Amino acid sequence: MATPTETPAETAHEPGRPAPGRETRSVAPAVFYPAAAVIALFVVATIVFPDPMSSGISAVQSTIIGGFGWYYTLLVTGFVVFALWLGFSHFGDIKLGPDEEKPEFGLGSWFAMLFAAGMGIGLVFWGVAEPLNHFASPKPGVVGTPQELAQQSLVQTFLHWGLHPWAIYVVVGLAVAYSIHRKNRSVSIRWALEPLFGSRVKGWVGDVVDVIAIVGTLFGVATSLGLGVLQIASGLDFLGIVSDPGNLTLVVLIGGITTLAIFSVVTGVKKGIKWLSNTNMGLAVALLLFVVITGPTLFLLRDFVQSIGLYFQNLFALSFDTTALQGAEGQAWQASWATFYWGWWISWAPFVGVFIARISRGRSVREFVVGVLAVPSLVTFLWFTAMGGTALQRELNGSGGLVGPDGSVDTDGALFGLLEGLPAGSVVAFGAVILIVLFFVTSSDSGSLVVDMLASGGETDPPVWSRVFWAAAEGLVAIGLLLASTEGNALSALQTAAIVIAFPFSLVMLLMCVGLYREFRLERRTFLRIQRRQRRAELTEHVSKHLAESGLVHGAERDDRS
């Protein structure tokens, strides 16, 4: 919005370098070592004392769910409103970079990278499982015919994966993108709070914020990696490669795939991550098309349109639903679903926010909001309609088998159960395992790169050894979370970790909203002041020219009379 004659970015230093006053180091000791210590302490404790750690994590979860479940619901809905307001107000014209700069990445690659990093592995895990779970065990208070429950299951799934999670990413991504591209600060969460804390973000305040972001990112990504490896193990069991996989199998899988992630992360965002993201999208689209074409195609197309309408029709009520009148049953449901998702997305927000900020240079605020909020949501709706809709249609009108006689759903293996009933399902199941592995690697290497940038004082090309360290740390945290779970309850442990770790960073996000508004309001005022100054100059020039021309005319008339 600022004019070429007065752009905030013009007086700042080159993007990606530490801000003025910060010395360049291979790592930032005040950030790297405290964050590494917290991670190491957790990993060691879960390996040495798995039972006490499991009990402790569950106790913290009960406290947060019981006392702050309403807070998560209100907070995330507020982020949706805030993101829409920023994108469609006059602030939407602000450029994330110099005014005339073009975007660094094309739209196709940009969408692929933000989508794969944002929730790719989760989509594959929950695409079939979540609608089936909501259908088999509806949210307390939801009743109706099987057809009505099936429809409501998709709408509830849309809520968890639609505008709300992406609004969380918009808040963090936009705040960081503005600071690093418009004001040319280093790639760090701390600079998003500079409007509130000023130069103090260069000291301990900024260090604490970055440590919180790093720990949150590690646990958020590790939760996703844990989900991914549970599904990979289930797929290998389905294919007959392993039998009844246990913790040892999970640990071996995490170790092997983390090694692939380490290889990818050292190649950097423009090589490994970009290539993997594009490959992921290609395989995901192929899987989607396979299910749509070989499944109930016309039903899926009709259900897609219908479910979107019902989603927006019920969006307001669902956004504020805390199942307050359903007592302990409603609270347990919130812990397993809504609050888990809001916590999971918030714990992912430092990673995804910094990553999409890093790849969004040159875009306007409005383009950023629409691109990050609307387009991935629409694609997500299509994914869940195809995967979940096919499963629901089979339960309603087909052979069934995806929901047990007792109403249970094999969450880890739901995708493979669906593919088994489609033509060439076993072959496609093998491809699905490959897709999950690649999504695993993408999430790990993207998260490692972001964490490394935060721990290295904002360096966009941090040292290789620290990249390897953080990639390995993500794998170790995933192993620790799985070992901290009780037998057969690994998913619950992962959900608990996401909810707990999100709480401190949610407070940072609230401060980000305030700081971002201050920055945008200041830039808007600067723009209007320059605009008024230019208009006065233009008006003065016009009047002077008019007076000069008028003086010449009057002078000529006097000459004629004389």
# chains A, B, ... in the order shown; residues from 1 in each chain; ligands from 1

call {"tool": "residues_around", "arguments": {"residues": "A:Trp166", "least_positions_apart": "2", "cutoff": "9 Å", "atoms": "only C-alpha atoms", "output": "list in words"}}
result
Val80, Gly118, Trp161, Gly162, Leu163, His164, Ile168, Tyr169, Val170, Val171, Trp345, Val372, Leu373, Ala374, Pro376 and Ser377 of chain A

call {"tool": "closest_residue", "arguments": {"among": "A:Ser179, A:Arg535, A:Leu174, A:Arg518", "to": "A:Pro195", "atoms": "only C-alpha atoms"}}
result
A:Arg518

call {"tool": "residues_around", "arguments": {"residues": "A:Phe355", "least_positions_apart": "2", "cutoff": "8 Å", "atoms": "only C-alpha atoms", "output": "list in words"}}
result
Leu114, Gly173, Phe351, Val352, Gly353, Ala357, Arg358, Ile359, Ser446 and Val450 of chain A

call {"tool": "residues_around", "arguments": {"residues": "stretch 216-218 of chain A", "least_positions_apart": "5", "cutoff": "8 Å", "atoms": "only C-alpha atoms", "output": "list in words"}}
result
Ser347, Trp348, Ala349, Pro350, Phe351, Gly447, Val451, Ala473, Glu474, Val477, Ile501, Ala502 and Phe505 of chain A

call {"tool": "write_last_selection", "arguments": {"atoms": "N, CA, C and O atoms", "output": "mmCIF file, in the first residue's frame"}}
result
data_model
loop_
_atom_site.group_PDB
_atom_site.id
_atom_site.type_symbol
_atom_site.label_atom_id
_atom_site.label_comp_id
_atom_site.auth_asym_id
_atom_site.auth_seq_id
_atom_site.Cartn_x
_atom_site.Cartn_y
_atom_site.Cartn_z
ATOM 1 N N SER A 347 -0.506 -26.152 17.291
ATOM 2 C CA SER A 347 0.857 -26.650 17.478
ATOM 3 C C SER A 347 1.613 -26.702 16.152
ATOM 4 O O SER A 347 2.844 -26.593 16.134
ATOM 5 N N TRP A 348 0.895 -26.864 15.046
ATOM 6 C CA TRP A 348 1.516 -26.830 13.726
ATOM 7 C C TRP A 348 1.756 -25.404 13.221
ATOM 8 O O TRP A 348 2.521 -25.190 12.283
ATOM 9 N N ALA A 349 1.084 -24.426 13.829
ATOM 10 C CA ALA A 349 1.088 -23.071 13.280
ATOM 11 C C ALA A 349 2.474 -22.438 13.156
ATOM 12 O O ALA A 349 2.747 -21.769 12.155
ATOM 13 N N PRO A 350 3.391 -22.609 14.145
ATOM 14 C CA PRO A 350 4.721 -22.012 13.939
ATOM 15 C C PRO A 350 5.406 -22.576 12.703
ATOM 16 O O PRO A 350 5.998 -21.828 11.912
ATOM 17 N N PHE A 351 5.334 -23.887 12.546
ATOM 18 C CA PHE A 351 5.968 -24.540 11.395
ATOM 19 C C PHE A 351 5.320 -24.111 10.080
ATOM 20 O O PHE A 351 5.974 -23.575 9.179
ATOM 21 N N GLY A 447 9.298 -29.187 8.501
ATOM 22 C CA GLY A 447 9.357 -28.809 9.905
ATOM 23 C C GLY A 447 10.778 -28.621 10.388
ATOM 24 O O GLY A 447 11.069 -27.682 11.137
ATOM 25 N N VAL A 451 12.255 -25.157 11.950
ATOM 26 C CA VAL A 451 12.820 -25.162 13.300
ATOM 27 C C VAL A 451 14.275 -24.718 13.271
ATOM 28 O O VAL A 451 14.731 -23.947 14.134
ATOM 29 N N ALA A 473 15.476 -35.141 15.876
ATOM 30 C CA ALA A 473 14.709 -34.852 17.087
ATOM 31 C C ALA A 473 13.216 -35.083 16.865
ATOM 32 O O ALA A 473 12.514 -35.583 17.761
ATOM 33 N N GLU A 474 12.716 -34.739 15.691
ATOM 34 C CA GLU A 474 11.303 -34.974 15.395
ATOM 35 C C GLU A 474 10.975 -36.460 15.445
ATOM 36 O O GLU A 474 9.942 -36.869 15.993
ATOM 37 N N VAL A 477 11.001 -37.569 19.137
ATOM 38 C CA VAL A 477 9.795 -37.138 19.857
ATOM 39 C C VAL A 477 8.612 -38.009 19.464
ATOM 40 O O VAL A 477 7.797 -38.394 20.311
ATOM 41 N N ILE A 501 0.497 -29.034 24.104
ATOM 42 C CA ILE A 501 1.593 -28.195 23.626
ATOM 43 C C ILE A 501 1.084 -26.936 22.948
ATOM 44 O O ILE A 501 1.806 -25.942 22.826
ATOM 45 N N ALA A 502 -0.172 -26.931 22.504
ATOM 46 C CA ALA A 502 -0.713 -25.778 21.782
ATOM 47 C C ALA A 502 -1.029 -24.609 22.704
ATOM 48 O O ALA A 502 -1.068 -23.459 22.254
ATOM 49 N N PHE A 505 1.467 -21.538 22.907
ATOM 50 C CA PHE A 505 1.616 -20.794 21.656
ATOM 51 C C PHE A 505 0.327 -20.069 21.275
ATOM 52 O O PHE A 505 0.372 -19.091 20.539
#

call {"tool": "closest_residue", "arguments": {"among": "A:Thr145, A:Ser62, A:Ser137, A:Ser188", "to": "A:Glu459", "atoms": "only C-alpha atoms"}}
result
A:Ser188

call {"tool": "closest_residue", "arguments": {"among": "A:Val543, A:Val285, A:Leu396, A:Ala455", "to": "A:Ala112", "atoms": "only C-alpha atoms"}}
result
A:Val285

call {"tool": "residues_around", "arguments": {"residues": "A:Phe238", "least_positions_apart": "4", "cutoff": "9 Å", "atoms": "only C-alpha atoms", "output": "ChimeraX atom specification"}}
result
/A:233-234,242-243,413,416-417,426,429

call {"tool": "write_last_selection", "arguments": {"atoms": "N, CA and C atoms", "output": "compact mmCIF listing (two decimals), in the first residue's frame"}}
result
# COMPACT_ATOMS: atom_id res chain seq x y z
N ALA A 233 2.13 -48.65 9.15
CA ALA A 233 2.18 -50.00 9.73
C ALA A 233 0.91 -50.77 9.40
N SER A 234 -0.23 -50.10 9.47
CA SER A 234 -1.49 -50.75 9.12
C SER A 234 -1.51 -51.15 7.65
N VAL A 242 4.15 -57.09 6.96
CA VAL A 242 4.40 -57.32 8.38
C VAL A 242 3.12 -57.89 8.99
N SER A 243 3.26 -58.50 10.13
CA SER A 243 2.09 -59.09 10.79
C SER A 243 1.96 -58.53 12.19
N GLY A 413 -6.49 -48.37 9.83
CA GLY A 413 -6.58 -49.12 8.58
C GLY A 413 -7.80 -48.81 7.74
N PHE A 416 -7.26 -48.46 3.90
CA PHE A 416 -6.97 -49.71 3.21
C PHE A 416 -8.20 -50.61 3.14
N GLY A 417 -9.07 -50.51 4.15
CA GLY A 417 -10.34 -51.23 4.07
C GLY A 417 -11.20 -50.72 2.95
N SER A 426 -5.61 -53.63 -3.94
CA SER A 426 -4.35 -54.00 -3.30
C SER A 426 -3.16 -53.27 -3.93
N ALA A 429 -3.35 -49.75 -2.82
CA ALA A 429 -2.97 -49.65 -1.41
C ALA A 429 -1.46 -49.51 -1.26

call {"tool": "residues_around", "arguments": {"residues": "A:Gly226", "least_positions_apart": "5", "cutoff": "12 Å", "atoms": "only C-alpha atoms", "output": "number ranges by chain"}}
result
A: 121-122, 125, 218-221, 231-233, 247, 250-251, 253-255, 257-258, 412, 436-437, 440, 443-444, 474-485, 490-495, 497-498

call {"tool": "atom_distance", "arguments": {"atom1": "atom CA of A:Ser360", "atom2": "atom CA of A:Val205"}}
result
26.6 Å

call {"tool": "closest_residue", "arguments": {"among": "A:Ala471, A:Ile499, A:Ala45, A:Ala175", "to": "A:Phe340", "atoms": "only C-alpha atoms"}}
result
A:Ile499

call {"tool": "closest_residue", "arguments": {"among": "A:Pro34, A:Gly401, A:Pro463, A:Gly141", "to": "A:Val215", "atoms": "only C-alpha atoms"}}
result
A:Pro34

call {"tool": "select_by_dssp", "arguments": {"residues": "stretch 187-359 of chain A", "states": "alpha helix (DSSP H)", "output": "ChimeraX atom specification"}}
result
/A:194-197,204-238,247-265,274-294,297-319,327-336,338-358

call {"tool": "atom_distance", "arguments": {"atom1": "atom CA of A:Ala317", "atom2": "atom CA of A:His134"}}
result
17.6 Å

call {"tool": "closest_residue", "arguments": {"among": "A:Val427, A:Val124, A:Leu149, A:Ala261", "to": "A:Arg467", "atoms": "only C-alpha atoms"}}
result
A:Ala261

call {"tool": "residues_around", "arguments": {"residues": "A:Asn280", "least_positions_apart": "5", "cutoff": "9 Å", "atoms": "only C-alpha atoms", "output": "PDB file with C-alpha atoms, in the first residue's frame"}}
result
ATOM      1  CA  ALA A 112       1.388 -27.623  -3.638  1.00  0.00           C
ATOM      2  CA  ALA A 116       1.425 -30.638   1.485  1.00  0.00           C
ATOM      3  CA  GLY A 120      -1.097 -33.592   3.806  1.00  0.00           C
ATOM      4  CA  TRP A 275      10.141 -31.659  -5.564  1.00  0.00           C
ATOM      5  CA  VAL A 285      -4.533 -36.375  -7.074  1.00  0.00           C
ATOM      6  CA  LEU A 435       2.111 -41.523  -0.626  1.00  0.00           C
ATOM      7  CA  ILE A 436       1.993 -41.615   3.178  1.00  0.00           C
ATOM      8  CA  LEU A 438       6.334 -39.103   1.073  1.00  0.00           C
ATOM      9  CA  PHE A 439       3.927 -36.965   3.092  1.00  0.00           C
ATOM     10  CA  THR A 442       7.623 -33.663   3.465  1.00  0.00           C
TER      11      THR A 442
END
